[in-house]
>>> print(open('model-v6.txt').read())   # compact mmCIF, C-alpha atoms
# COMPACT_ATOMS: atom_id res chain seq x y z
CA MET A 717 9.63 -55.33 -3.28
CA GLN A 718 12.07 -57.48 -1.31
CA GLN A 719 13.66 -57.44 2.13
CA THR A 720 16.89 -58.63 3.69
CA PHE A 721 18.22 -58.76 7.25
CA THR A 722 21.58 -58.77 9.00
CA THR A 723 23.07 -58.07 12.42
CA PHE A 724 26.09 -55.82 12.97
CA GLU A 725 28.35 -56.78 15.86
CA ILE A 726 30.16 -53.79 17.29
CA THR A 727 32.89 -54.02 19.89
CA THR A 728 33.05 -50.91 22.06
CA ARG A 729 35.77 -49.65 24.41
CA GLY A 730 33.73 -47.97 27.09
CA LYS A 731 31.56 -44.86 27.04
CA GLY A 732 31.38 -42.86 23.87
CA LEU A 733 30.49 -42.90 20.18
CA HIS A 734 31.54 -45.67 17.83
CA ASP A 735 31.25 -44.94 14.07
CA PHE A 736 29.94 -47.89 12.06
CA THR A 737 28.73 -46.01 8.97
CA GLY A 738 31.20 -47.90 6.78
CA GLU A 739 29.95 -51.37 7.73
CA VAL A 740 26.35 -50.33 7.10
CA ALA A 741 27.17 -48.65 3.77
CA ARG A 742 29.01 -51.74 2.54
CA TRP A 743 26.13 -54.04 3.46
CA VAL A 744 23.60 -51.78 1.71
CA GLN A 745 25.85 -51.46 -1.34
CA GLY A 746 26.36 -55.22 -1.46
CA SER A 747 22.66 -56.05 -1.35
CA ALA A 748 20.59 -56.50 -4.49
CA LEU A 749 18.32 -53.60 -3.44
CA ARG A 750 18.90 -50.19 -5.02
CA ASP A 751 16.08 -48.06 -3.59
CA GLY A 752 14.29 -48.52 -0.31
CA MET A 753 14.44 -48.10 3.45
CA LEU A 754 17.11 -49.20 5.92
CA THR A 755 16.27 -49.66 9.60
CA LEU A 756 18.83 -50.14 12.39
CA PHE A 757 17.75 -51.35 15.83
CA ALA A 758 20.08 -51.53 18.87
CA ARG A 759 19.23 -54.66 20.91
CA HIS A 760 20.31 -53.10 24.22
CA THR A 761 19.15 -50.84 27.05
CA SER A 762 22.60 -49.43 27.81
CA ALA A 763 23.78 -48.55 24.29
CA SER A 764 21.88 -46.53 21.71
CA LEU A 765 22.09 -45.00 18.23
CA VAL A 766 22.70 -41.42 17.08
CA ILE A 767 23.42 -39.63 13.84
CA GLN A 768 26.26 -37.18 14.49
CA GLU A 769 28.92 -35.11 12.75
CA ASN A 770 31.66 -37.25 11.24
CA ALA A 771 34.31 -34.55 10.69
CA ASP A 772 35.82 -33.24 13.94
CA PRO A 773 36.48 -35.98 16.58
CA ASP A 774 36.04 -33.32 19.28
CA VAL A 775 32.30 -33.46 18.60
CA ARG A 776 32.21 -37.03 19.86
CA GLY A 777 34.22 -36.15 22.98
CA ASP A 778 32.01 -33.15 23.70
CA LEU A 779 28.88 -35.24 23.27
CA GLU A 780 30.12 -37.88 25.70
CA ARG A 781 31.10 -35.21 28.24
CA PHE A 782 27.74 -33.48 27.90
CA PHE A 783 25.82 -36.71 28.58
CA ALA A 784 28.14 -37.64 31.47
CA ARG A 785 27.30 -34.33 33.13
CA LEU A 786 23.58 -34.36 32.29
CA VAL A 787 23.16 -37.93 33.57
CA PRO A 788 25.70 -38.27 36.38
CA GLU A 789 26.77 -41.48 38.06
CA HIS A 790 26.25 -41.85 41.84
CA ASP A 791 23.11 -39.72 41.70
CA ALA A 792 21.13 -39.99 44.96
CA LEU A 793 17.99 -40.21 42.82
CA TYR A 794 18.75 -43.76 41.64
CA ARG A 795 17.44 -46.88 43.40
CA HIS A 796 18.60 -49.23 40.64
CA THR A 797 22.26 -49.41 41.67
CA LEU A 798 23.07 -53.13 41.95
CA GLU A 799 24.50 -53.39 38.43
CA GLY A 800 27.03 -50.61 39.02
CA PRO A 801 27.07 -46.80 39.10
CA ASP A 802 27.07 -46.58 35.29
CA ASP A 803 24.02 -48.83 34.73
CA MET A 804 21.05 -46.59 35.57
CA PRO A 805 22.70 -43.58 33.85
CA ALA A 806 23.05 -45.85 30.81
CA HIS A 807 19.29 -46.51 30.77
CA VAL A 808 18.52 -42.78 31.04
CA ARG A 809 20.98 -41.98 28.23
CA CYS A 810 19.20 -44.56 26.04
CA ALA A 811 15.83 -42.90 26.70
CA LEU A 812 17.33 -39.51 25.77
CA THR A 813 18.87 -40.74 22.49
CA GLN A 814 17.55 -43.34 19.99
CA THR A 815 17.23 -47.12 19.97
CA GLN A 816 16.33 -47.19 16.29
CA LEU A 817 17.12 -45.24 13.11
CA SER A 818 15.58 -45.53 9.64
CA ILE A 819 17.38 -44.07 6.63
CA PRO A 820 16.10 -43.95 3.03
CA VAL A 821 18.32 -45.59 0.40
CA ARG A 822 18.67 -44.32 -3.19
CA GLU A 823 20.74 -45.99 -5.88
CA GLY A 824 22.42 -48.26 -3.35
CA ARG A 825 23.41 -45.50 -0.93
CA MET A 826 21.90 -44.15 2.28
CA VAL A 827 20.76 -40.54 1.82
CA LEU A 828 22.99 -39.31 4.66
CA GLY A 829 23.98 -35.65 4.58
CA THR A 830 27.62 -34.78 3.92
CA TRP A 831 28.51 -34.54 7.61
CA GLN A 832 26.34 -37.34 8.95
CA GLY A 833 27.77 -40.54 10.41
CA ILE A 834 25.95 -43.41 12.13
CA TYR A 835 27.15 -44.05 15.67
CA LEU A 836 26.59 -46.63 18.34
CA PHE A 837 26.58 -44.71 21.61
CA GLU A 838 28.07 -46.94 24.34
CA HIS A 839 26.87 -45.94 27.82
CA ARG A 840 28.70 -48.50 29.98
CA ARG A 841 32.24 -48.02 31.29
CA ALA A 842 33.42 -51.45 30.19
CA GLY A 843 33.83 -52.45 26.56
CA GLN A 844 31.02 -54.63 25.25
CA THR A 845 30.00 -56.48 22.12
CA ARG A 846 26.82 -54.84 20.89
CA GLU A 847 24.29 -56.07 18.35
CA VAL A 848 22.49 -53.80 15.93
CA ALA A 849 19.75 -55.58 13.94
CA ALA A 850 19.38 -54.27 10.38
CA HIS A 851 16.53 -54.55 7.90
CA LEU A 852 16.59 -53.35 4.31
CA LEU A 853 13.42 -53.21 2.26
CA GLY A 854 13.27 -52.12 -1.34
CA GLU A 855 13.69 -53.09 -4.96
CA MET B 356 3.46 -52.63 -2.73
CA GLN B 357 5.15 -49.55 -4.20
CA GLN B 358 7.44 -46.79 -2.98
CA THR B 359 8.09 -43.17 -3.82
CA PHE B 360 10.65 -40.60 -2.66
CA THR B 361 10.93 -36.84 -2.40
CA THR B 362 12.96 -34.20 -0.56
CA PHE B 363 11.41 -31.30 1.35
CA GLU B 364 13.42 -28.07 1.36
CA ILE B 365 12.72 -25.99 4.44
CA THR B 366 14.02 -22.47 4.94
CA THR B 367 14.49 -21.64 8.59
CA ARG B 368 14.96 -18.29 10.35
CA GLY B 369 17.23 -19.25 13.21
CA LYS B 370 16.68 -21.43 16.26
CA GLY B 371 13.26 -22.87 16.83
CA LEU B 372 10.52 -25.07 15.43
CA HIS B 373 9.32 -24.86 11.83
CA ASP B 374 5.97 -26.55 11.04
CA PHE B 375 6.00 -28.42 7.72
CA THR B 376 3.05 -30.76 8.33
CA GLY B 377 1.11 -29.23 5.46
CA GLU B 378 3.79 -29.87 2.82
CA VAL B 379 4.11 -33.49 3.95
CA ALA B 380 0.34 -34.04 4.05
CA ARG B 381 -0.06 -32.65 0.51
CA TRP B 382 2.69 -34.90 -0.84
CA VAL B 383 1.20 -37.98 0.82
CA GLN B 384 -2.29 -37.06 -0.40
CA GLY B 385 -1.02 -36.45 -3.93
CA SER B 386 0.75 -39.81 -4.20
CA ALA B 387 -0.97 -42.90 -5.62
CA LEU B 388 -0.49 -44.72 -2.29
CA ARG B 389 -3.44 -44.91 0.11
CA ASP B 390 -2.11 -47.07 2.96
CA GLY B 391 1.45 -47.52 4.08
CA MET B 392 4.37 -45.98 5.94
CA LEU B 393 5.95 -42.54 5.61
CA THR B 394 9.51 -41.92 6.78
CA LEU B 395 11.15 -38.48 7.13
CA PHE B 396 14.91 -38.14 7.56
CA ALA B 397 16.71 -34.84 8.32
CA ARG B 398 20.00 -34.74 6.40
CA HIS B 399 21.75 -32.56 9.01
CA THR B 400 23.60 -32.67 12.32
CA SER B 401 22.41 -29.24 13.50
CA ALA B 402 18.68 -29.51 12.75
CA SER B 403 16.36 -32.32 13.78
CA LEU B 404 12.74 -33.49 13.75
CA VAL B 405 10.08 -33.52 16.47
CA ILE B 406 6.35 -34.14 16.72
CA GLN B 407 4.86 -31.38 18.87
CA GLU B 408 1.61 -29.64 19.72
CA ASN B 409 0.26 -27.58 16.86
CA ALA B 410 -2.26 -25.44 18.76
CA ASP B 411 -0.62 -22.88 21.07
CA PRO B 412 2.48 -21.16 19.57
CA ASP B 413 3.79 -20.67 23.12
CA VAL B 414 4.62 -24.39 23.17
CA ARG B 415 7.19 -23.85 20.42
CA GLY B 416 8.71 -20.86 22.24
CA ASP B 417 8.86 -22.77 25.53
CA LEU B 418 10.48 -25.75 23.82
CA GLU B 419 13.18 -23.56 22.25
CA ARG B 420 13.84 -21.81 25.57
CA PHE B 421 14.03 -25.14 27.42
CA PHE B 422 16.62 -26.52 24.99
CA ALA B 423 18.59 -23.24 25.01
CA ARG B 424 18.91 -23.54 28.79
CA LEU B 425 19.55 -27.30 28.86
CA VAL B 426 22.26 -27.07 26.20
CA PRO B 427 23.85 -23.64 26.70
CA GLU B 428 26.20 -21.89 24.32
CA HIS B 429 29.69 -20.92 25.56
CA ASP B 430 29.82 -23.98 27.80
CA ALA B 431 33.37 -24.60 29.10
CA LEU B 432 32.79 -28.28 28.43
CA TYR B 433 33.01 -27.87 24.63
CA ARG B 434 36.24 -28.29 22.67
CA HIS B 435 34.49 -28.15 19.29
CA THR B 436 34.13 -24.36 19.10
CA LEU B 437 35.62 -23.35 15.73
CA GLU B 438 32.26 -23.35 13.92
CA GLY B 439 30.72 -20.89 16.38
CA PRO B 440 29.16 -20.99 19.86
CA ASP B 441 25.89 -22.43 18.54
CA ASP B 442 27.43 -25.37 16.65
CA MET B 443 28.28 -27.89 19.37
CA PRO B 444 25.00 -27.14 21.22
CA ALA B 445 23.27 -27.86 17.90
CA HIS B 446 24.86 -31.33 17.73
CA VAL B 447 23.81 -32.10 21.32
CA ARG B 448 20.25 -30.91 20.65
CA CYS B 449 20.13 -33.26 17.64
CA ALA B 450 21.18 -36.21 19.80
CA LEU B 451 18.45 -35.31 22.33
CA THR B 452 15.69 -35.07 19.72
CA GLN B 453 15.14 -37.11 16.51
CA THR B 454 16.80 -37.25 13.11
CA GLN B 455 14.08 -39.47 11.69
CA LEU B 456 10.33 -40.00 12.08
CA SER B 457 8.09 -42.71 10.63
CA ILE B 458 4.31 -42.24 10.53
CA PRO B 459 1.71 -44.78 9.36
CA VAL B 460 -0.60 -43.63 6.52
CA ARG B 461 -4.26 -44.70 6.22
CA GLU B 462 -6.55 -43.69 3.34
CA GLY B 463 -4.09 -41.10 2.13
CA ARG B 464 -3.56 -39.39 5.48
CA MET B 465 -0.91 -39.67 8.16
CA VAL B 466 -2.38 -41.05 11.40
CA LEU B 467 -1.30 -37.99 13.39
CA GLY B 468 -3.23 -37.26 16.57
CA THR B 469 -5.44 -34.17 16.65
CA TRP B 470 -2.78 -31.96 18.24
CA GLN B 471 0.28 -33.35 16.49
CA GLY B 472 2.31 -31.36 13.99
CA ILE B 473 5.60 -32.28 12.30
CA TYR B 474 8.39 -29.81 12.99
CA LEU B 475 11.90 -29.22 11.78
CA PHE B 476 13.84 -28.08 14.83
CA GLU B 477 16.52 -25.61 13.73
CA HIS B 478 19.45 -25.45 16.16
CA ARG B 479 21.68 -22.83 14.48
CA ARG B 480 21.30 -19.08 15.02
CA ALA B 481 21.39 -18.25 11.32
CA GLY B 482 18.62 -19.17 8.91
CA GLN B 483 19.42 -22.18 6.74
CA THR B 484 17.94 -24.22 3.92
CA ARG B 485 17.36 -27.70 5.31
CA GLU B 486 16.66 -30.93 3.48
CA VAL B 487 14.32 -33.62 4.79
CA ALA B 488 14.37 -36.81 2.71
CA ALA B 489 10.99 -38.54 2.50
CA HIS B 490 10.04 -42.11 1.61
CA LEU B 491 6.52 -43.44 1.25
CA LEU B 492 5.87 -47.15 0.94
CA GLY B 493 2.46 -48.69 0.50
CA GLU B 494 -0.32 -49.57 -1.87
CA MET C 118 5.00 -58.27 0.67
CA GLN C 119 1.91 -57.37 2.68
CA GLN C 120 0.95 -54.93 5.41
CA THR C 121 -1.49 -54.80 8.28
CA PHE C 122 -2.50 -52.11 10.77
CA THR C 123 -3.93 -51.90 14.26
CA THR C 124 -4.22 -49.45 17.15
CA PHE C 125 -3.27 -50.31 20.72
CA GLU C 126 -5.31 -48.58 23.42
CA ILE C 127 -3.37 -48.15 26.62
CA THR C 128 -4.87 -46.91 29.86
CA THR C 129 -2.31 -45.14 32.02
CA ARG C 130 -2.39 -44.19 35.70
CA GLY C 131 -0.43 -40.98 35.71
CA LYS C 132 3.23 -40.26 35.02
CA GLY C 133 5.51 -43.17 34.37
CA LEU C 134 6.26 -46.13 32.12
CA HIS C 135 3.59 -48.59 31.01
CA ASP C 136 4.81 -51.91 29.57
CA PHE C 137 2.79 -53.07 26.54
CA THR C 138 5.34 -55.46 25.02
CA GLY C 139 2.97 -58.40 25.51
CA GLU C 140 0.09 -56.86 23.53
CA VAL C 141 2.43 -55.99 20.66
CA ALA C 142 4.08 -59.43 20.65
CA ARG C 143 0.69 -61.17 20.54
CA TRP C 144 -0.50 -59.05 17.62
CA VAL C 145 2.72 -59.68 15.67
CA GLN C 146 2.56 -63.40 16.43
CA GLY C 147 -1.09 -63.58 15.40
CA SER C 148 -0.55 -61.89 12.04
CA ALA C 149 0.15 -63.86 8.89
CA LEU C 150 3.51 -62.09 8.50
CA ARG C 151 6.65 -63.91 9.63
CA ASP C 152 9.48 -61.53 8.64
CA GLY C 153 9.29 -57.80 8.28
CA MET C 154 9.17 -54.46 10.07
CA LEU C 155 6.92 -53.27 12.87
CA THR C 156 6.35 -49.57 13.48
CA LEU C 157 4.65 -48.07 16.55
CA PHE C 158 3.50 -44.44 16.57
CA ALA C 159 2.14 -42.62 19.67
CA ARG C 160 -0.70 -40.28 18.59
CA HIS C 161 -0.02 -37.80 21.41
CA THR C 162 2.14 -34.84 22.42
CA SER C 163 2.13 -35.64 26.13
CA ALA C 164 2.92 -39.37 26.04
CA SER C 165 5.78 -41.03 24.18
CA LEU C 166 7.55 -44.33 23.53
CA VAL C 167 10.79 -45.78 24.91
CA ILE C 168 12.58 -49.10 24.90
CA GLN C 169 13.76 -49.80 28.46
CA GLU C 170 14.93 -52.55 30.76
CA ASN C 171 12.15 -54.99 31.66
CA ALA C 172 13.76 -56.70 34.68
CA ASP C 173 14.06 -54.42 37.72
CA PRO C 174 10.97 -52.19 38.30
CA ASP C 175 13.26 -49.66 40.01
CA VAL C 176 14.55 -48.72 36.54
CA ARG C 177 11.12 -47.39 35.65
CA GLY C 178 10.85 -45.43 38.90
CA ASP C 179 14.34 -43.97 38.45
CA LEU C 180 13.56 -42.97 34.87
CA GLU C 181 10.37 -41.16 35.91
CA ARG C 182 12.20 -39.39 38.75
CA PHE C 183 15.05 -38.38 36.43
CA PHE C 184 12.67 -36.83 33.91
CA ALA C 185 10.62 -35.13 36.66
CA ARG C 186 13.79 -33.40 37.85
CA LEU C 187 15.18 -32.63 34.38
CA VAL C 188 11.89 -31.11 33.21
CA PRO C 189 10.32 -29.60 36.34
CA GLU C 190 6.76 -28.39 36.69
CA HIS C 191 6.15 -24.74 37.66
CA ASP C 192 9.27 -23.65 35.76
CA ALA C 193 9.33 -19.86 35.30
CA LEU C 194 10.51 -20.48 31.74
CA TYR C 195 7.10 -21.72 30.57
CA ARG C 196 4.47 -19.43 29.01
CA HIS C 197 2.20 -22.33 28.00
CA THR C 198 0.60 -22.89 31.42
CA LEU C 199 -3.17 -22.82 30.80
CA GLU C 200 -3.50 -26.60 30.47
CA GLY C 201 -1.90 -27.25 33.88
CA PRO C 202 1.60 -27.35 35.37
CA ASP C 203 2.26 -30.82 33.92
CA ASP C 204 1.34 -29.98 30.31
CA MET C 205 4.38 -28.08 29.01
CA PRO C 206 6.79 -30.45 30.83
CA ALA C 207 4.92 -33.28 29.04
CA HIS C 208 5.65 -31.71 25.64
CA VAL C 209 9.35 -31.30 26.50
CA ARG C 210 9.55 -34.90 27.74
CA CYS C 211 8.06 -36.04 24.41
CA ALA C 212 10.73 -34.12 22.48
CA LEU C 213 13.44 -35.74 24.64
CA THR C 214 12.13 -39.29 24.14
CA GLN C 215 10.50 -40.93 21.07
CA THR C 216 7.12 -40.64 19.39
CA GLN C 217 7.82 -43.62 17.13
CA LEU C 218 9.72 -46.92 17.25
CA SER C 219 10.41 -49.42 14.47
CA ILE C 220 11.49 -52.97 15.31
CA PRO C 221 12.49 -55.71 12.85
CA VAL C 222 10.49 -58.95 13.03
CA ARG C 223 11.96 -62.41 12.37
CA GLU C 224 9.98 -65.65 12.40
CA GLY C 225 6.99 -63.95 13.97
CA ARG C 226 8.91 -62.28 16.81
CA MET C 227 10.32 -58.80 17.33
CA VAL C 228 14.13 -58.89 17.54
CA LEU C 229 14.13 -57.28 21.00
CA GLY C 230 17.17 -57.90 23.16
CA THR C 231 16.77 -60.06 26.26
CA TRP C 232 16.22 -57.10 28.59
CA GLN C 233 14.24 -54.86 26.26
CA GLY C 234 10.59 -54.00 26.84
CA ILE C 235 8.38 -51.54 24.93
CA TYR C 236 6.93 -48.80 27.10
CA LEU C 237 4.42 -46.03 26.73
CA PHE C 238 5.80 -43.13 28.75
CA GLU C 239 2.89 -41.17 30.24
CA HIS C 240 3.83 -37.56 31.01
CA ARG C 241 0.54 -36.23 32.45
CA ARG C 242 -0.44 -36.54 36.11
CA ALA C 243 -3.92 -37.88 35.37
CA GLY C 244 -4.55 -41.32 33.89
CA GLN C 245 -5.40 -41.25 30.19
CA THR C 246 -6.39 -43.60 27.41
CA ARG C 247 -3.58 -43.46 24.88
CA GLU C 248 -3.50 -44.66 21.28
CA VAL C 249 -0.47 -46.21 19.65
CA ALA C 250 -0.90 -46.80 15.92
CA ALA C 251 0.87 -49.94 14.66
CA HIS C 252 1.93 -51.00 11.19
CA LEU C 253 3.45 -54.33 10.24
CA LEU C 254 4.95 -54.90 6.82
CA GLY C 255 6.45 -58.16 5.69
CA GLU C 256 5.83 -61.57 4.24
>>> encode(input="model-v6.txt", output="structure tokens")
Amino acid sequence: MQQTFTTFEITTRGKGLHDFTGEVARWVQGSALRDGMLTLFARHTSASLVIQENADPDVRGDLERFFARLVPEHDALYRHTLEGPDDMPAHVRCALTQTQLSIPVREGRMVLGTWQGIYLFEHRRAGQTREVAAHLLGE
Amino acid sequence: MQQTFTTFEITTRGKGLHDFTGEVARWVQGSALRDGMLTLFARHTSASLVIQENADPDVRGDLERFFARLVPEHDALYRHTLEGPDDMPAHVRCALTQTQLSIPVREGRMVLGTWQGIYLFEHRRAGQTREVAAHLLGE
Amino acid sequence: MQQTFTTFEITTRGKGLHDFTGEVARWVQGSALRDGMLTLFARHTSASLVIQENADPDVRGDLERFFARLVPEHDALYRHTLEGPDDMPAHVRCALTQTQLSIPVREGRMVLGTWQGIYLFEHRRAGQTREVAAHLLGE
């Protein structure tokens, strides 16, 4: 059993879902490990991870709109407002989605379903460079 | 350290929670591994995983009703509507719950709390056959 | 490759976020394993885990207030009411957050981002003693 690490750097363009399935798949494929477990960990409190449908781009737009409505900016409830109207909503959106995902790997490929893509979910208005730590364990 | 894989096939009967703790526990118990880490991964974007109370069945009904109200069908917000009124809500419900769960294993048993069960959360109206990939690593 | 287990006991004081990053960091640091994967698993259906900002305490207050409003007590929707008005909301809040977190470890430290802390999210009104099972795998 062996392990290997990397970090994916993802440049976002404001709120919404950024597909990085391809980068992850290439790294897994390029490693010496055929069967094992991949873990992705977003090193942020205003961007998170989700598995979502990779076919119709409208899904990503609908998801962003749903979260924008569920967790509105300028909500009188928030006291943490100094970092901008999108900051506290970003923290709530992180709590409601995932910071980490683990995906089994067989024969050099993640066992994603046909319609599953791996997305970084950016919750801030401004584009950012985000880091996702990755760990692959296997043989 | 060794690893083993399987896939659980779960037949659902429409929206709601399907307990498959027993199948998972039997597989873990039947493996040669006594101590380690189990990971479950739902290979879908319209069904997800949750740990929930396994005692009162009303909890499962309340949970389904809560999500049905929080993520309504026929919401004017959705553009992704071609696959039916329950499809985009299913994607949102997946983002709000979990696609993957990892559970430590000690002496051949998952370290679940007394009231914890493992559930597949079906988000489509129609019954489906769902696949949950499983990976057990340990010794 | 080796593994080690422990259980963190966390005493809460009612609803809200309890930071236990320090306890976890000390256990990881004190283990013989330098590089690997840490997994935390909350053994409860009315307390969960989240990664959140560790700087401004207002974030934690805002998060608790957001969830209290999103998942209200005394909601006519609930049938599971025998264990108190805060019990079914606690189960819903668990489904909306995480029961488990996995974090890569490098050189004896979790790869948390600068602003990330690990929190137990208590969802019951009364203080409780909560158990978080931990597993560290690595070399």
>>> residues_around(input="model-v6.txt", residues="A:Asp772", least_positions_apart="4", cutoff="10 Å", atoms="only C-alpha atoms", output="list of chain:residue names")
A:Arg776, A:Gly777, A:Trp831, B:His435
>>> closest_atom_pairs(input="model-v6.txt", of="chain B", to="chain A", cutoff="7 Å", atoms="all atoms listed in the file", output="tab-separated table")
residue	atom	partner	partner_atom	distance
B:Met356	CA	A:Met717	CA	6.8
B:Phe396	CA	A:Ile819	CA	6.5
B:Arg398	CA	A:Gly829	CA	4.5
B:His399	CA	A:Gly829	CA	5.8
B:Thr400	CA	A:Gln768	CA	5.7
B:Leu432	CA	A:Asp778	CA	6.8
B:Tyr433	CA	A:Asp778	CA	5.5
B:Arg434	CA	A:Asp774	CA	6.1
B:His435	CA	A:Asp774	CA	5.4
B:Met443	CA	A:Val775	CA	6.9
B:His446	CA	A:Gln768	CA	6.8
B:Val447	CA	A:Leu779	CA	6.3
B:Ala450	CA	A:Thr813	CA	5.8
B:Leu451	CA	A:Thr813	CA	5.4
B:Gln455	CA	A:Ser818	CA	6.6
B:His490	CA	A:Pro820	CA	6.5
>>> residues_around(input="model-v6.txt", residues="stretch 358-372 of chain B", least_positions_apart="5", cutoff="8 Å", atoms="all atoms listed in the file", output="list in words")
Gly752 of chain A; Glu378, Arg415, Gly416, Glu419, Tyr474, Leu475, Phe476, Glu477, His478, Arg479, Arg480, Ala481, Gly482, Gln483, Thr484, Arg485, Glu486, Val487, Ala488, Ala489, His490, Leu491, Leu492 and Gly493 of chain B
>>> axis_aligned_box(input="model-v6.txt", around="stretch 398-411 of chain B", padding_each_side="6 Å", output="lines of an AutoDock Vina configuration file")
center_x = 10.7
center_y = -28.8
center_z = 13.7
size_x = 37.9
size_y = 23.9
size_z = 26.7
>>> closest_residue(input="model-v6.txt", among="B:Asp374, B:Val383, B:Leu388, B:Pro440", to="B:Ile473", atoms="all atoms listed in the file")
B:Asp374
>>> atom_distance(input="model-v6.txt", atom1="atom CA of A:Ala741", atom2="atom CA of A:Arg825")
6.8 Å
>>> atom_distance(input="model-v6.txt", atom1="atom CA of A:Ala806", atom2="atom CA of C:Ala172")
14.8 Å
>>> atom_distance(input="model-v6.txt", atom1="atom CA of A:Asp802", atom2="atom CA of A:Thr737")
26.4 Å
>>> closest_residue(input="model-v6.txt", among="B:Leu393, B:Ala423, B:Ala387, B:Ala431", to="B:Met465", atoms="all atoms listed in the file")
B:Leu393
